[in-house]
>>> print(open('final-v9.pdb').read())   # PDB, C-alpha atoms
ATOM      1  CA  LEU A 671       0.000   0.000   0.000
ATOM      2  CA  ILE A 672       2.828   2.383   0.856
ATOM      3  CA  GLU A 673       4.612   1.599  -2.399
ATOM      4  CA  LEU A 674       1.400   2.147  -4.355
ATOM      5  CA  SER A 675       0.795   5.509  -2.638
ATOM      6  CA  VAL A 676       4.241   6.650  -3.751
ATOM      7  CA  GLU A 677       3.811   5.308  -7.275
ATOM      8  CA  LYS A 678       0.309   6.773  -7.791
ATOM      9  CA  ASN A 679       0.920   9.865  -5.622
ATOM     10  CA  PHE A 680      -1.915   9.591  -3.104
ATOM     11  CA  TYR A 681      -2.157   9.791   0.677
ATOM     12  CA  ILE A 682      -3.293   7.051   3.035
ATOM     13  CA  PHE A 683      -5.544   7.964   5.950
ATOM     14  CA  ASP A 684      -4.773   5.537   8.756
ATOM     15  CA  ASP A 685      -7.442   5.545  11.464
ATOM     16  CA  ALA A 686      -5.260   3.764  14.017
ATOM     17  CA  THR A 687      -7.615   4.230  16.955
ATOM     18  CA  TYR A 688      -7.705   0.524  17.831
ATOM     19  CA  ARG A 689      -4.049  -0.125  16.962
ATOM     20  CA  PRO A 690      -2.846  -0.063  20.589
ATOM     21  CA  PHE A 691      -5.271  -2.894  21.371
ATOM     22  CA  ASN A 692      -3.915  -5.437  18.892
ATOM     23  CA  LEU A 693      -3.242  -8.451  21.110
ATOM     24  CA  ASP A 694      -0.672 -10.167  18.939
ATOM     25  CA  ASP A 695       2.750  -9.036  17.763
ATOM     26  CA  PRO A 696       2.242  -5.553  16.329
ATOM     27  CA  LEU A 697       3.069  -4.809  12.743
ATOM     28  CA  PRO A 698       4.914  -1.576  11.986
ATOM     29  CA  SER A 699       2.567   1.386  11.733
ATOM     30  CA  LEU A 700       1.934   2.802   8.280
ATOM     31  CA  VAL A 701       3.248   6.209   9.363
ATOM     32  CA  SER A 702       6.523   4.605  10.463
ATOM     33  CA  LEU A 703       6.932   3.214   6.944
ATOM     34  CA  ASN A 704       6.411   6.550   5.183
ATOM     35  CA  SER A 705       5.467   9.672   7.145
ATOM     36  CA  GLU A 706       5.102  11.721   3.959
ATOM     37  CA  LYS A 707       2.323   9.547   2.514
ATOM     38  CA  VAL A 708       0.353   8.636   5.658
ATOM     39  CA  ILE A 709      -2.095  10.700   7.668
ATOM     40  CA  HIS A 710      -2.079   8.938  11.047
ATOM     41  CA  ALA A 711      -4.985   9.515  13.473
ATOM     42  CA  MET A 712      -5.514   8.271  17.030
ATOM     43  CA  SER A 713      -8.166   8.971  19.665
ATOM     44  CA  PHE A 714      -7.954   9.235  23.425
ATOM     45  CA  SER A 715     -11.625   8.228  23.474
ATOM     46  CA  LYS A 716     -10.460   4.636  23.032
ATOM     47  CA  ILE A 717      -7.220   4.870  24.996
ATOM     48  CA  LEU A 718      -8.598   6.645  28.100
ATOM     49  CA  ALA A 719     -12.378   7.025  28.130
ATOM     50  CA  PRO A 720     -15.294   7.117  25.680
ATOM     51  CA  GLY A 721     -16.639  10.526  24.786
ATOM     52  CA  LEU A 722     -13.474  12.540  25.310
ATOM     53  CA  ARG A 723     -13.532  13.576  21.650
ATOM     54  CA  THR A 724      -9.833  14.319  21.912
ATOM     55  CA  GLY A 725      -7.236  12.827  19.654
ATOM     56  CA  PHE A 726      -4.168  13.564  17.669
ATOM     57  CA  ILE A 727      -3.079  13.369  14.086
ATOM     58  CA  ALA A 728       0.289  13.136  12.332
ATOM     59  CA  ILE A 729       0.200  14.840   8.954
ATOM     60  CA  PRO A 730       2.769  14.837   6.143
ATOM     61  CA  ASN A 731       4.718  18.103   6.081
ATOM     62  CA  GLY A 732       3.285  19.056   2.707
ATOM     63  CA  LEU A 733      -0.291  18.981   4.061
ATOM     64  CA  ILE A 734       0.086  20.743   7.410
ATOM     65  CA  ASN A 735      -0.790  24.302   6.306
ATOM     66  CA  ASP A 736      -3.795  23.209   4.238
ATOM     67  CA  PHE A 737      -4.986  20.899   7.033
ATOM     68  CA  VAL A 738      -4.781  23.628   9.681
ATOM     69  CA  ALA A 739      -6.627  26.086   7.413
ATOM     70  CA  ALA A 740      -9.356  23.556   6.615
ATOM     71  CA  LYS A 741      -9.761  22.481  10.230
ATOM     72  CA  SER A 742      -9.996  26.035  11.505
ATOM     73  CA  ASN A 743     -12.769  26.790   9.003
ATOM     74  CA  LEU A 744     -14.687  23.507   8.993
ATOM     75  CA  SER A 745     -14.735  22.065  12.476
ATOM     76  CA  LEU A 746     -15.399  23.085  16.011
ATOM     77  CA  ASN A 747     -12.762  22.410  18.599
ATOM     78  CA  ASN A 748     -13.532  19.867  21.236
ATOM     79  CA  SER A 749     -14.131  20.872  24.830
ATOM     80  CA  GLY A 750     -11.312  22.588  26.655
ATOM     81  CA  ILE A 751     -12.331  20.517  29.669
ATOM     82  CA  THR A 752     -11.659  17.212  27.904
ATOM     83  CA  GLN A 753      -8.424  18.604  26.480
ATOM     84  CA  LYS A 754      -7.358  19.447  30.039
ATOM     85  CA  ILE A 755      -8.321  15.965  31.284
ATOM     86  CA  VAL A 756      -6.126  14.361  28.627
ATOM     87  CA  SER A 757      -3.316  16.850  29.205
ATOM     88  CA  GLU A 758      -3.289  16.251  32.973
ATOM     89  CA  TRP A 759      -3.468  12.474  32.531
ATOM     90  CA  LEU A 760      -0.545  12.534  30.100
ATOM     91  CA  GLU A 761       1.489  14.746  32.430
ATOM     92  CA  ILE A 762       0.797  12.539  35.480
ATOM     93  CA  ASN A 763       1.921   9.502  33.462
ATOM     94  CA  ASP A 764       5.044  11.187  32.046
ATOM     95  CA  TYR A 765       3.497  11.067  28.551
ATOM     96  CA  ASP A 766       3.890   7.295  28.567
ATOM     97  CA  LEU A 767       0.900   5.099  27.719
ATOM     98  CA  THR A 768       2.741   1.824  28.327
ATOM     99  CA  ASN A 769       1.381   0.884  31.777
ATOM    100  CA  HIS A 770      -2.172   1.916  30.963
ATOM    101  CA  LEU A 771      -2.233   0.036  27.668
ATOM    102  CA  SER A 772      -0.472  -3.009  29.146
ATOM    103  CA  ASN A 773      -3.178  -3.370  31.798
ATOM    104  CA  ALA A 774      -5.952  -3.017  29.217
ATOM    105  CA  LYS A 775      -4.310  -5.517  26.871
ATOM    106  CA  GLU A 776      -3.799  -8.058  29.663
ATOM    107  CA  ARG A 777      -7.524  -7.894  30.461
ATOM    108  CA  LEU A 778      -8.356  -8.300  26.757
ATOM    109  CA  LYS A 779      -6.009 -11.307  26.508
ATOM    110  CA  ARG A 780      -7.766 -12.965  29.461
ATOM    111  CA  ASN A 781     -11.076 -12.218  27.771
ATOM    112  CA  ARG A 782      -9.797 -13.751  24.530
ATOM    113  CA  THR A 783      -9.208 -16.985  26.463
ATOM    114  CA  ILE A 784     -12.827 -16.956  27.661
ATOM    115  CA  LEU A 785     -14.112 -16.114  24.178
ATOM    116  CA  THR A 786     -12.111 -19.004  22.729
ATOM    117  CA  VAL A 787     -13.715 -21.405  25.241
ATOM    118  CA  HIS A 788     -17.096 -20.141  24.022
ATOM    119  CA  GLU A 789     -15.975 -20.595  20.391
ATOM    120  CA  ILE A 790     -16.117 -16.880  19.590
ATOM    121  CA  ASP A 791     -13.557 -15.447  17.166
ATOM    122  CA  TYR A 792     -11.679 -12.490  18.616
ATOM    123  CA  ASN A 793      -8.440 -10.829  17.551
ATOM    124  CA  GLY A 794      -8.469  -7.736  19.718
ATOM    125  CA  GLY A 795     -10.335  -4.480  19.984
ATOM    126  CA  PHE A 796     -13.321  -3.707  22.144
ATOM    127  CA  PHE A 797     -16.038  -5.838  20.570
ATOM    128  CA  CYS A 798     -16.775  -9.365  19.431
ATOM    129  CA  THR A 799     -19.665 -10.993  17.621
ATOM    130  CA  LEU A 800     -21.662 -13.802  19.188
ATOM    131  CA  LYS A 801     -23.558 -16.026  16.763
ATOM    132  CA  SER A 802     -26.685 -17.791  17.926
ATOM    133  CA  ASN A 803     -29.341 -20.113  16.552
ATOM    134  CA  LYS A 804     -31.904 -17.575  17.822
ATOM    135  CA  LEU A 805     -33.218 -14.498  16.045
ATOM    136  CA  ILE A 806     -31.250 -11.599  17.542
ATOM    137  CA  ASN A 807     -33.338  -8.502  16.943
ATOM    138  CA  TYR A 808     -34.106  -5.401  19.000
ATOM    139  CA  GLU A 809     -36.847  -7.178  20.919
ATOM    140  CA  PHE A 810     -34.521 -10.029  21.901
ATOM    141  CA  CYS A 811     -31.897  -7.544  23.101
ATOM    142  CA  GLU A 812     -34.495  -5.583  25.047
ATOM    143  CA  ARG A 813     -35.763  -8.731  26.811
ATOM    144  CA  LEU A 814     -32.164  -9.765  27.571
ATOM    145  CA  LEU A 815     -31.544  -6.369  29.143
ATOM    146  CA  LEU A 816     -34.778  -6.347  31.142
ATOM    147  CA  ASN A 817     -34.610  -9.980  32.314
ATOM    148  CA  GLU A 818     -30.858 -10.572  32.697
ATOM    149  CA  ASN A 819     -29.467  -7.031  32.986
ATOM    150  CA  ILE A 820     -27.188  -7.739  30.004
ATOM    151  CA  GLY A 821     -26.883  -5.110  27.289
ATOM    152  CA  VAL A 822     -25.912  -6.207  23.776
ATOM    153  CA  ILE A 823     -26.550  -4.802  20.315
ATOM    154  CA  PRO A 824     -28.047  -6.774  17.431
ATOM    155  CA  MET A 825     -25.654  -6.906  14.481
ATOM    156  CA  MET A 826     -28.683  -6.046  12.347
ATOM    157  CA  LEU A 827     -28.147  -2.491  13.648
ATOM    158  CA  PHE A 828     -25.079  -2.296  11.407
ATOM    159  CA  SER A 829     -26.588  -3.945   8.328
ATOM    160  CA  GLU A 830     -29.966  -5.235   7.217
ATOM    161  CA  ASN A 831     -28.252  -8.196   5.561
ATOM    162  CA  SER A 832     -30.082 -11.329   6.712
ATOM    163  CA  ARG A 833     -26.813 -13.062   7.606
ATOM    164  CA  TYR A 834     -26.670 -10.838  10.707
ATOM    165  CA  GLN A 835     -30.109 -11.803  12.023
ATOM    166  CA  ASN A 836     -28.656 -14.314  14.481
ATOM    167  CA  GLN A 837     -25.673 -12.289  15.686
ATOM    168  CA  MET A 838     -25.066  -9.798  18.472
ATOM    169  CA  ARG A 839     -22.232  -7.418  19.224
ATOM    170  CA  ILE A 840     -20.740  -7.655  22.692
ATOM    171  CA  CYS A 841     -18.350  -5.191  24.289
ATOM    172  CA  VAL A 842     -15.439  -6.996  25.952
ATOM    173  CA  ALA A 843     -13.320  -3.946  26.773
ATOM    174  CA  ASN A 844     -14.190  -3.291  30.402
ATOM    175  CA  ILE A 845     -15.353  -6.580  31.808
ATOM    176  CA  ASP A 846     -13.180  -9.040  33.677
ATOM    177  CA  ASP A 847     -12.824 -12.589  32.442
ATOM    178  CA  GLU A 848     -14.986 -14.241  35.126
ATOM    179  CA  ASP A 849     -17.853 -11.815  34.522
ATOM    180  CA  LEU A 850     -17.511 -12.280  30.762
ATOM    181  CA  ASP A 851     -17.736 -16.054  31.149
ATOM    182  CA  ASN A 852     -20.851 -15.654  33.322
ATOM    183  CA  VAL A 853     -22.484 -13.250  30.846
ATOM    184  CA  LEU A 854     -21.814 -15.538  27.872
ATOM    185  CA  ARG A 855     -23.290 -18.522  29.708
ATOM    186  CA  ARG A 856     -26.390 -16.529  30.640
ATOM    187  CA  ILE A 857     -26.846 -15.306  27.065
ATOM    188  CA  LYS A 858     -26.555 -18.825  25.663
ATOM    189  CA  ASN A 859     -29.139 -20.125  28.157
ATOM    190  CA  PHE A 860     -31.511 -17.174  27.794
ATOM    191  CA  GLU A 861     -34.969 -18.043  26.515
ATOM    192  CA  ALA A 862     -36.647 -14.937  25.145
TER     193      ALA A 862
END
>>> encode(input="final-v9.pdb", output="structure tokens")
Amino acid sequence: LIELSVEKNFYIFDDATYRPFNLDDPLPSLVSLNSEKVIHAMSFSKILAPGLRTGFIAIPNGLINDFVAAKSNLSLNNSGITQKIVSEWLEINDYDLTNHLSNAKERLKRNRTILTVHEIDYNGGFFCTLKSNKLINYEFCERLLLNENIGVIPMMLFSENSRYQNQMRICVANIDDEDLDNVLRRIKNFEA
């Protein structure tokens, strides 16, 4: 891809928001391969807390002036409060994300073990997909929430393709492995 971007003279936008949560050996980032052809974006909303709406972007030198001009005319800045939260957190942690990300990745690795036991494919990130022999629609998810206090999202929310009618999206980011195992067992045994 990098070679093609050089040959055909185009830029690559790399939304690397979930990159820090890859559980296996990381590949080199696209921006590390060619910083003049890659626009690299990350978000603290995934690294620290949802809703911060604070991130950062690495832009090729040749695009910086145009990017700043476009951003200043097209978008609103995010909250100064959330910028301060991120700034303080970075300062307290000496601008090093290693410990924070290591703890999150260890939890996700434990959760991958549980997901494997339940025969659910998972390679990292915050979500996985559970397939069922039941129809997983909004009504099913509502009854699961009301009766079992378990919130999931039907995959049909993301596409009306019928192949998603028996699948649900589950967040595995902030749940410990024992609770995840319990939740998966309860979902599998749930009779709507």
>>> closest_residue(input="final-v9.pdb", among="A:Phe828, A:Leu850, A:Asn844, A:Lys707", to="Glu677 in chain A", atoms="all atoms listed in the file")
A:Lys707
>>> resolve_selection(input="final-v9.pdb", expression="the PyMOL selection byres ((chain A and resi 711) around 12)", output="list in words")
Ile682, Phe683, Asp684, Asp685, Ala686, Thr687, Tyr688, Arg689, Ser699, Leu700, Val701, Val708, Ile709, His710, Met712, Ser713, Phe714, Thr724, Gly725, Phe726, Ile727, Ala728, Ile729 and Pro730 of chain A
>>> resolve_selection(input="final-v9.pdb", expression="the PyMOL selection byres ((chain A and resi 825) around 10)", output="count of residues only")
24
>>> closest_residue(input="final-v9.pdb", among="A:Cys841, A:Glu861, A:Glu776, A:Asn817", to="Asp694 in chain A", atoms="all atoms listed in the file")
A:Glu776
>>> atom_distance(input="final-v9.pdb", atom1="CA of Arg855 in chain A", atom2="CA of Asn793 in chain A")
20.7 Å
>>> closest_residue(input="final-v9.pdb", among="A:Ala739, A:Gly721, A:Arg813, A:Gly732", to="Ile751 in chain A", atoms="all atoms listed in the file")
A:Gly721
>>> atom_distance(input="final-v9.pdb", atom1="CA of Phe680 in chain A", atom2="CA of Ser742 in chain A")
23.4 Å
>>> residues_around(input="final-v9.pdb", residues="range 758-768 of chain A", least_positions_apart="4", cutoff="9 Å", atoms="all atoms listed in the file", output="list in words")
Ile717, Leu718, Gln753, Lys754, Ser772 and Asn773 of chain A
>>> resolve_selection(input="final-v9.pdb", expression="the PyMOL selection byres ((chain A and resi 692) around 10)", output="list in words")
Tyr688, Arg689, Pro690, Phe691, Leu693, Asp694, Asp695, Pro696, Leu697, Lys775, Leu778, Lys779, Asn793, Gly794 and Gly795 of chain A
>>> residues_around(input="final-v9.pdb", residues="Asn859 in chain A", least_positions_apart="2", cutoff="12 Å", atoms="all atoms listed in the file", output="MDAnalysis selection string")
chainID A and resid 802:804 814 818 852:857 861:862
>>> atom_distance(input="final-v9.pdb", atom1="CA of Asn747 in chain A", atom2="CA of Arg723 in chain A")
9.4 Å
>>> closest_residue(input="final-v9.pdb", among="A:Asp847, A:Asn819, A:Ile755, A:Glu789", to="Ser715 in chain A", atoms="all atoms listed in the file")
A:Ile755
>>> decode(input="final-v9.pdb", residues="range 710-740 of chain A", atoms="N, CA and C atoms", output="mmCIF file, in the first residue's frame")
data_model
loop_
_atom_site.group_PDB
_atom_site.id
_atom_site.type_symbol
_atom_site.label_atom_id
_atom_site.label_comp_id
_atom_site.auth_asym_id
_atom_site.auth_seq_id
_atom_site.Cartn_x
_atom_site.Cartn_y
_atom_site.Cartn_z
ATOM 1 N N HIS A 710 -1.922 9.888 9.943
ATOM 2 C CA HIS A 710 -2.079 8.938 11.047
ATOM 3 C C HIS A 710 -2.942 9.577 12.131
ATOM 4 N N ALA A 711 -4.072 8.955 12.467
ATOM 5 C CA ALA A 711 -4.985 9.515 13.473
ATOM 6 C C ALA A 711 -5.194 8.535 14.618
ATOM 7 N N MET A 712 -5.249 9.059 15.817
ATOM 8 C CA MET A 712 -5.514 8.271 17.030
ATOM 9 C C MET A 712 -6.510 9.052 17.896
ATOM 10 N N SER A 713 -7.167 8.345 18.811
ATOM 11 C CA SER A 713 -8.166 8.971 19.665
ATOM 12 C C SER A 713 -7.961 8.566 21.121
ATOM 13 N N PHE A 714 -8.001 9.538 21.994
ATOM 14 C CA PHE A 714 -7.954 9.235 23.425
ATOM 15 C C PHE A 714 -9.292 8.692 23.919
ATOM 16 N N SER A 715 -10.334 8.799 23.094
ATOM 17 C CA SER A 715 -11.625 8.228 23.474
ATOM 18 C C SER A 715 -11.535 6.715 23.616
ATOM 19 N N LYS A 716 -10.647 6.082 22.900
ATOM 20 C CA LYS A 716 -10.460 4.636 23.032
ATOM 21 C C LYS A 716 -9.368 4.326 24.060
ATOM 22 N N ILE A 717 -8.342 5.139 24.106
ATOM 23 C CA ILE A 717 -7.220 4.870 24.996
ATOM 24 C C ILE A 717 -7.576 5.152 26.460
ATOM 25 N N LEU A 718 -8.304 6.253 26.717
ATOM 26 C CA LEU A 718 -8.598 6.645 28.100
ATOM 27 C C LEU A 718 -10.053 6.462 28.495
ATOM 28 N N ALA A 719 -10.961 7.095 27.754
ATOM 29 C CA ALA A 719 -12.378 7.025 28.130
ATOM 30 C C ALA A 719 -13.257 7.438 26.954
ATOM 31 N N PRO A 720 -14.378 6.744 26.763
ATOM 32 C CA PRO A 720 -15.294 7.117 25.680
ATOM 33 C C PRO A 720 -15.804 8.545 25.850
ATOM 34 N N GLY A 721 -16.031 9.207 24.751
ATOM 35 C CA GLY A 721 -16.639 10.526 24.786
ATOM 36 C C GLY A 721 -15.685 11.685 24.983
ATOM 37 N N LEU A 722 -14.403 11.431 25.124
ATOM 38 C CA LEU A 722 -13.474 12.540 25.310
ATOM 39 C C LEU A 722 -13.394 13.435 24.073
ATOM 40 N N ARG A 723 -13.600 12.837 22.909
ATOM 41 C CA ARG A 723 -13.532 13.576 21.650
ATOM 42 C C ARG A 723 -12.224 14.354 21.530
ATOM 43 N N THR A 724 -11.164 13.726 21.980
ATOM 44 C CA THR A 724 -9.833 14.319 21.912
ATOM 45 C C THR A 724 -8.903 13.302 21.291
ATOM 46 N N GLY A 725 -8.148 13.737 20.328
ATOM 47 C CA GLY A 725 -7.236 12.827 19.654
ATOM 48 C C GLY A 725 -6.033 13.566 19.141
ATOM 49 N N PHE A 726 -5.305 12.912 18.292
ATOM 50 C CA PHE A 726 -4.168 13.564 17.669
ATOM 51 C C PHE A 726 -3.983 12.997 16.275
ATOM 52 N N ILE A 727 -3.275 13.757 15.469
ATOM 53 C CA ILE A 727 -3.079 13.369 14.086
ATOM 54 C C ILE A 727 -1.657 13.742 13.669
ATOM 55 N N ALA A 728 -1.026 12.860 12.929
ATOM 56 C CA ALA A 728 0.289 13.136 12.332
ATOM 57 C C ALA A 728 0.046 13.325 10.836
ATOM 58 N N ILE A 729 0.485 14.467 10.336
ATOM 59 C CA ILE A 729 0.200 14.840 8.954
ATOM 60 C C ILE A 729 1.507 15.035 8.197
ATOM 61 N N PRO A 730 1.571 14.580 6.951
ATOM 62 C CA PRO A 730 2.769 14.837 6.143
ATOM 63 C C PRO A 730 3.055 16.349 6.066
ATOM 64 N N ASN A 731 4.314 16.695 6.085
ATOM 65 C CA ASN A 731 4.718 18.103 6.081
ATOM 66 C C ASN A 731 4.029 18.916 4.992
ATOM 67 N N GLY A 732 3.876 18.334 3.825
ATOM 68 C CA GLY A 732 3.285 19.056 2.707
ATOM 69 C C GLY A 732 1.801 19.364 2.876
ATOM 70 N N LEU A 733 1.145 18.766 3.851
ATOM 71 C CA LEU A 733 -0.291 18.981 4.061
ATOM 72 C C LEU A 733 -0.617 19.819 5.296
ATOM 73 N N ILE A 734 0.359 20.107 6.116
ATOM 74 C CA ILE A 734 0.086 20.743 7.410
ATOM 75 C C ILE A 734 -0.648 22.069 7.256
ATOM 76 N N ASN A 735 -0.154 22.980 6.434
ATOM 77 C CA ASN A 735 -0.790 24.302 6.306
ATOM 78 C C ASN A 735 -2.218 24.186 5.799
ATOM 79 N N ASP A 736 -2.437 23.384 4.766
ATOM 80 C CA ASP A 736 -3.795 23.209 4.238
ATOM 81 C C ASP A 736 -4.710 22.544 5.264
ATOM 82 N N PHE A 737 -4.180 21.586 6.020
ATOM 83 C CA PHE A 737 -4.986 20.899 7.033
ATOM 84 C C PHE A 737 -5.411 21.876 8.126
ATOM 85 N N VAL A 738 -4.469 22.669 8.624
ATOM 86 C CA VAL A 738 -4.781 23.628 9.681
ATOM 87 C C VAL A 738 -5.819 24.639 9.189
ATOM 88 N N ALA A 739 -5.660 25.126 7.967
ATOM 89 C CA ALA A 739 -6.627 26.086 7.413
ATOM 90 C C ALA A 739 -8.010 25.452 7.287
ATOM 91 N N ALA A 740 -8.066 24.235 6.773
ATOM 92 C CA ALA A 740 -9.356 23.556 6.615
ATOM 93 C C ALA A 740 -9.991 23.281 7.967
#
